[in-house]
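**Q** A single structure is presented below for examination.
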Amino acid sequence: MSLTIAPDPAAMLEAAGQSGRHWLRRLVERPPAVIGLAGVIVVVVVAVFAPLLAPYSPVASSFQAVLARPFTAGHLLGTDELGRDVLSRMIYGAQPTLEVGVLATGLALVVGVPIGLVSGYYRGAADMLAMRITDVVLAFPFLLVAIGLAAIFGPSLRNVVLALGIASLPGFVRIARAEAMALREQDFVQAAIVTGVRDRVILFRHLLPNMAGPILVQATLTIPGAILGSALLSYLGLGVQPPTASWGNMLATAQEYLFNDPWLAVFPGVAIFLATLCFNLLGDGLRDLFDPAMR
Amino acid sequence: MKVYVIRRLGVSVFTLVVASVLVFLGIRAVPGNPAIALTGNANLSPAAIAAIEGQYGLNKPLPVQYADWLRQILTGHLGSSPVTGMPITTELSSAFPITVELTILAMLIGIVIGIPAGIIAAVRRGKAIDYAGNAIALFGLSIPSFWFGILLILIFAVLLRVLPASGYVSFLSSPGSNLSHMVMPAFVLGTGVAAVLMRQMRSGMLEALRADYVRTARAKGLPEPSVVLKHALRNSLVTVATVIGLQLGVLLSGVAVTEEVFGLPGVGDLTINAVFQRDYPTIQAVALITAAAIIVINFALDFVYAFLSPRVRVEGAQ
């Protein structure tokens with residue numbers, strides 16, 4: 001038996017492609033996951049093509065039509081307190097929501113996975129350091145981090161991404177660390193260590209690709225949390241600043257008109273809820289694929 | 001056990017020190033002069049700035065400033081708010097009970113709904129009740145708490161007029177009125193907690209039910225309720241305790257925004273107002289106290305692990 005340590009790139013690519021088709025096919029067999037995937041695609045399309053889809057500018061106010069009820073001519077979802085078209089604001093509002101969800105998750109992944117990888121593989125001092133970092137991060141609620149950043153730098157989308165990215169970090173560190181610890185004991189990694197493959201190669205070519213599944217699941221389940229977090233921060237006025245529309249800041253203004261014009265508070269909430277639900281459905285579906293015991 | 005406790009204590013103290021350094025440095029990261037940040041007055045003369053720097057010791061080296069600051073906090077001097085002029089300890093002592101009451105009520109609702117629901121879903125895995133429970137939990141997990149709060153206000157305060165939309169009455173002055181103000185916010189937060197707990201409880205329970213000791217318990221003829229409630233439950237509670245620790249930050253963020261939705265003058269409301277008024281000393285005090293509270297609660301949860309699982313006790317001692 002010959003031990004092939006250096007992976008053949010072509011074979012790897014083929015294997016990745018095959019397993020990729022495989023899990024995609026299995027995912028499609030689950031109705032909740034398909035609904036989730038479809039919803040996620042809709043949100044992405046709406047956010048990307050907002051300028052083409054929105055009937056009006058999201059910030060153009062019309063004082064002839066202030067607080068028009070839904071289904072009035074020309075305004076399917078009515079208008080807000082400044083006469084801005086609610087449907088258009090809803091469509092544009094998908095942009096900051098999705099942006100924060102994806103960027104915060106990406107930030108946590110890019111920073112958290114290498115930390116977890118190194119700490120799980122080397123253990124010892126590196127592990128100690130990584131665990132203490134997550135302890136400190138866990139001691140600060142994301143709202144407090146966002147408040148701190150807003151207090152220091154003023155409220156902005158970037159602070160929201162930073163705050164939610166930092167808060168999502170421990171999840172990725174934990175996953176990557178647990179996977180690295182388990183994979184390290186496997187024969188192919190032990191063989192690589194014994195034959196003197198460089199650590200960097202072991203970490204990024206042997207360990208990382210083998211933990212892609214759990215990391216993908218973690219990412220898909222982190223996005224809905226970040227979407228809820230970003231809506232919450234923008235509801236509090238710490239996120240995207242008006243007049244730019246976000247579902248969260250639309251809800252904040254809507255609450256002032258709750259008694260007479262309650263529909264204003266209904267649409268953005270439904271949108272946040274459905275977007276979060278779809279990402280959760282997709283994430284749950286992916287997790288079931290990688291960990292069928294938990295179904 | 002003793003080694004485990006001492007080690008966890010060491011970790012907690014270390015985390016607390018790092019957290020306090022971050023909070024301390026945070027206020028120095030505010031652009032411009034820290035004297036302006038601390039007093040909230042942007043129109044200070046150079047002489048006044050120098051006077052404040054002397055008063056707060058801002059002209060000393062940073063480590064000395066940190067030590068002084070720590071000494072003040074440990075003796076209960078959090079300073080006073082430049083916006084209201086009130087001592088921060090006074091403001092916190094009126095806000096704190098509200099937040100604590102809300103958090104405890106929410107946790108109770110969450111535990112009472114979430115734990116049994118998770119057990120039932122795991123035991124009846126794949127049955128209709130499992131699917132229904134999962135679907136409801138997924139809804140609870142996806143609904144924005146503040147929007148859920150607004151919907152409840154719309155239904156129970158605006159349409160049915162049975163509950164107050166906002167405000168707070170102390171429990172001591174009128175228990176009935178206190179609870180009528182608390183029921184909606186506590187329910188909003190509690191359902192979120194229940195959703196998380198239910199999912200964790202279910203997966204922890206499924207894992208435990210597959211374990212060898214559960215098979216042994218069944219094999220020796222123990223009745224099923226005893227197997228589930230005595231053997232499997234105890235071990236799956238370990239996972240749940242972990243999740244509670246991890247979720248604490250999310251829960252406290254939720255508490256803050258719920259206070260804002262329902263007009264409750266708690267710590268969250270205090271902090272959010274402080275941001276918009278650039279009241280840095282208040283933000284600093286709240287940040288430190290919150291971080292300390294989370295670290296202490298997590299330390300307490302470490303005891304719960306050790307109590308629930310002998311495995312943790314032994315591994316911790318190694």
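Ordered as shown in the structure tokens, chains take letters A, B, and onward, while each chain numbers its residues from 1 and ligands are numbered from 1 in the order shown.
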Against chain B, which residues of chain A fall within 6 Å? For each one I want the closest pair of atoms and the distance in Å (one decimal), counting only C-alpha atoms, rows by chain and increasing residue number, as CSV.
**A**
residue,atom,partner,partner_atom,distance
A:Val136,CA,B:Thr15,CA,5.6
A:Ala139,CA,B:Ala291,CA,4.8
A:Phe140,CA,B:Ala291,CA,5.5
A:Pro141,CA,B:Gly249,CA,3.9
A:Leu143,CA,B:Ser253,CA,5.2
A:Ala151,CA,B:Val275,CA,5.6
A:Ile152,CA,B:Val30,CA,4.7
A:Leu228,CA,B:Pro144,CA,6.0
A:Gly269,CA,B:Trp147,CA,5.7
A:Phe273,CA,B:Ile143,CA,4.9
A:Thr276,CA,B:Ser142,CA,5.2
A:Leu277,CA,B:Ser142,CA,5.0
A:Met294,CA,B:Ser203,CA,5.9
**Q** For B:Gly133, find every residue with an atom within 12 Å (counting only C-alpha atoms), except residues of its own chain fewer than 5 positions away, and show them as a PyMOL selection string.
**A** chain B and resi 113-122+124-128+138-140+194-199+201-202
**Q** For atom CA of A:Gly237 and atom CA of A:Gly148, determine how far apart the two atoms are, in Å to one decimal place.
**A** 13.6 Å
**Q** Could you pull out all residues of stretch 44-281 of chain A with a DSSP call of alpha helix (DSSP H) and give them as a ChimeraX atom specification?
**A** /A:44-48,50-53,86-122,124-138,142-153,157-184,187-194,199-201,212-235,247-256,263-281
**Q** For each of B:Val228, B:Val21, B:Ile88, B:Val100, take the minimum atom-to-atom distance to B:Ala186, counting only C-alpha atoms, then give the residue where this is smallest.
**A** B:Val100
**Q** Closest to B:Lys2 among B:Val238, B:Asn178, B:Phe303, B:Ile52, using only C-alpha atoms?
**A** B:Phe303
**Q** Where does stretch 193-311 of chain B meet stretch 63-82 of chain B within 8 Å, residue by residue, with the nearest atom pair and distance in Å to one decimal for each, counting only C-alpha atoms, listed by chain and rising number, as CSV?
**A**
residue,atom,partner,partner_atom,distance
B:Asp279,CA,B:Pro82,CA,6.4
B:Pro281,CA,B:Ser81,CA,6.3
B:Thr282,CA,B:Ser81,CA,6.1
B:Ala285,CA,B:Leu78,CA,6.4
**Q** Could you save the residues just selected, with N, CA and C atoms, as a PDB file, in the first residue's frame?
**A**
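Dumped to out11.pdb:
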ATOM      1  N   ASP B 279     -23.005  60.105  27.245  1.00  0.00           N
ATOM      2  CA  ASP B 279     -22.753  60.006  28.683  1.00  0.00           C
ATOM      3  C   ASP B 279     -21.769  58.840  28.910  1.00  0.00           C
ATOM      4  N   PRO B 281     -19.290  58.117  31.151  1.00  0.00           N
ATOM      5  CA  PRO B 281     -19.098  57.419  32.433  1.00  0.00           C
ATOM      6  C   PRO B 281     -20.192  56.391  32.709  1.00  0.00           C
ATOM      7  N   THR B 282     -21.440  56.707  32.320  1.00  0.00           N
ATOM      8  CA  THR B 282     -22.523  55.743  32.530  1.00  0.00           C
ATOM      9  C   THR B 282     -22.313  54.497  31.665  1.00  0.00           C
ATOM     10  N   ALA B 285     -19.623  52.392  33.190  1.00  0.00           N
ATOM     11  CA  ALA B 285     -20.070  51.677  34.389  1.00  0.00           C
ATOM     12  C   ALA B 285     -20.938  50.482  34.010  1.00  0.00           C
TER      13      ALA B 285
END
**Q** Using only C-alpha atoms for the distances, tell me which of B:Gly190, B:Tyr131, B:Met182, B:Leu62 is nearest to B:Ala106.
**A**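 Selected residue with least distance to B:Ala106: B:Gly190.
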**Q** Which distance in Å separates atom CA of A:Asp127 and atom CA of A:Arg177, to one decimal?
**A**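 Computing it gives 8.5 Å between the two atoms.
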**Q** Determine, counting only C-alpha atoms, which protein, DNA and RNA residues have an atom within 8 Å of an atom of A:Ile215; residues of the same chain fewer than 6 positions away are not included. Present the result as a PDB file with N, CA and C atoms, in the first residue's frame.
**A**
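This is the output file result.pdb:
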ATOM      1  N   PHE A 172     -17.558  30.148  15.827  1.00  0.00           N
ATOM      2  CA  PHE A 172     -16.653  29.606  14.806  1.00  0.00           C
ATOM      3  C   PHE A 172     -15.376  29.039  15.433  1.00  0.00           C
ATOM      4  N   ILE A 175     -16.265  25.563  16.848  1.00  0.00           N
ATOM      5  CA  ILE A 175     -16.462  24.538  15.816  1.00  0.00           C
ATOM      6  C   ILE A 175     -15.120  24.114  15.225  1.00  0.00           C
ATOM      7  N   ALA A 176     -14.311  25.106  14.809  1.00  0.00           N
ATOM      8  CA  ALA A 176     -13.045  24.790  14.148  1.00  0.00           C
ATOM      9  C   ALA A 176     -12.116  24.056  15.118  1.00  0.00           C
TER      10      ALA A 176
END
**Q** Kindly indicate which residue among A:Val160, A:Ala33, A:Met90, A:Val137 lies nearest to A:Val59, using only C-alpha atoms for the distances.
**A**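 Among A:Val160, A:Ala33, A:Met90, A:Val137, it is A:Met90 that comes nearest to A:Val59.
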**Q** Tell me, as an MDAnalysis selection string, which residues lie within 9 Å of stretch 131-133 of chain A, counting only C-alpha atoms; anything in the same chain fewer than 5 positions away does not count.
**A** (chainID A and resid 116 119 126 138 170 173:174) or (chainID B and resid 11 14:15)
**Q** Could those selected residues go to a file with C-alpha atoms, as an mmCIF file, in the first residue's frame?
**A**
data_model
loop_
_atom_site.group_PDB
_atom_site.id
_atom_site.type_symbol
_atom_site.label_atom_id
_atom_site.label_comp_id
_atom_site.auth_asym_id
_atom_site.auth_seq_id
_atom_site.Cartn_x
_atom_site.Cartn_y
_atom_site.Cartn_z
ATOM 1 C CA GLY A 116 -9.930 27.527 16.313
ATOM 2 C CA SER A 119 -5.775 26.069 18.969
ATOM 3 C CA ALA A 126 -2.307 28.460 21.671
ATOM 4 C CA LEU A 138 -18.600 36.171 25.624
ATOM 5 C CA PRO A 170 -16.803 32.240 19.650
ATOM 6 C CA VAL A 173 -13.669 29.215 17.152
ATOM 7 C CA ARG A 174 -15.458 26.402 18.980
ATOM 8 C CA VAL B 11 -9.988 31.837 34.537
ATOM 9 C CA PHE B 14 -8.374 36.685 34.457
ATOM 10 C CA THR B 15 -11.332 37.298 32.130
#
**Q** With a distance cut-off of 7 Å and only C-alpha atoms, select the neighbouring residues of stretch 160-167 of chain B, excluding the residue or stretch itself and same-chain residues fewer than 2 positions from it, and output the selection as a PyMOL selection string.
**A** chain B and resi 153+155-158+180-181+262-264
**Q** For B:Ile98, list every protein, DNA or RNA residue within 8 Å, evaluated using only C-alpha atoms, and leave out those in the same chain fewer than 5 positions away; present the list as a PyMOL selection string.
**A** chain B and resi 264-267
**Q** Just write the chosen residues, N, CA and C atoms, as an mmCIF file, in the first residue's frame.
**A**
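So the final result, stored in selection_1.cif, reads:
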data_model
loop_
_atom_site.group_PDB
_atom_site.id
_atom_site.type_symbol
_atom_site.label_atom_id
_atom_site.label_comp_id
_atom_site.auth_asym_id
_atom_site.auth_seq_id
_atom_site.Cartn_x
_atom_site.Cartn_y
_atom_site.Cartn_z
ATOM 1 N N LEU B 264 -39.733 50.491 29.690
ATOM 2 C CA LEU B 264 -39.325 50.139 31.049
ATOM 3 C C LEU B 264 -37.986 50.811 31.366
ATOM 4 N N PRO B 265 -37.923 51.591 32.438
ATOM 5 C CA PRO B 265 -36.663 52.316 32.726
ATOM 6 C C PRO B 265 -35.606 51.424 33.382
ATOM 7 N N GLY B 266 -35.186 50.369 32.693
ATOM 8 C CA GLY B 266 -34.167 49.463 33.219
ATOM 9 C C GLY B 266 -32.763 49.843 32.775
ATOM 10 N N VAL B 267 -31.833 48.930 32.981
ATOM 11 C CA VAL B 267 -30.427 49.205 32.651
ATOM 12 C C VAL B 267 -30.242 49.397 31.148
#
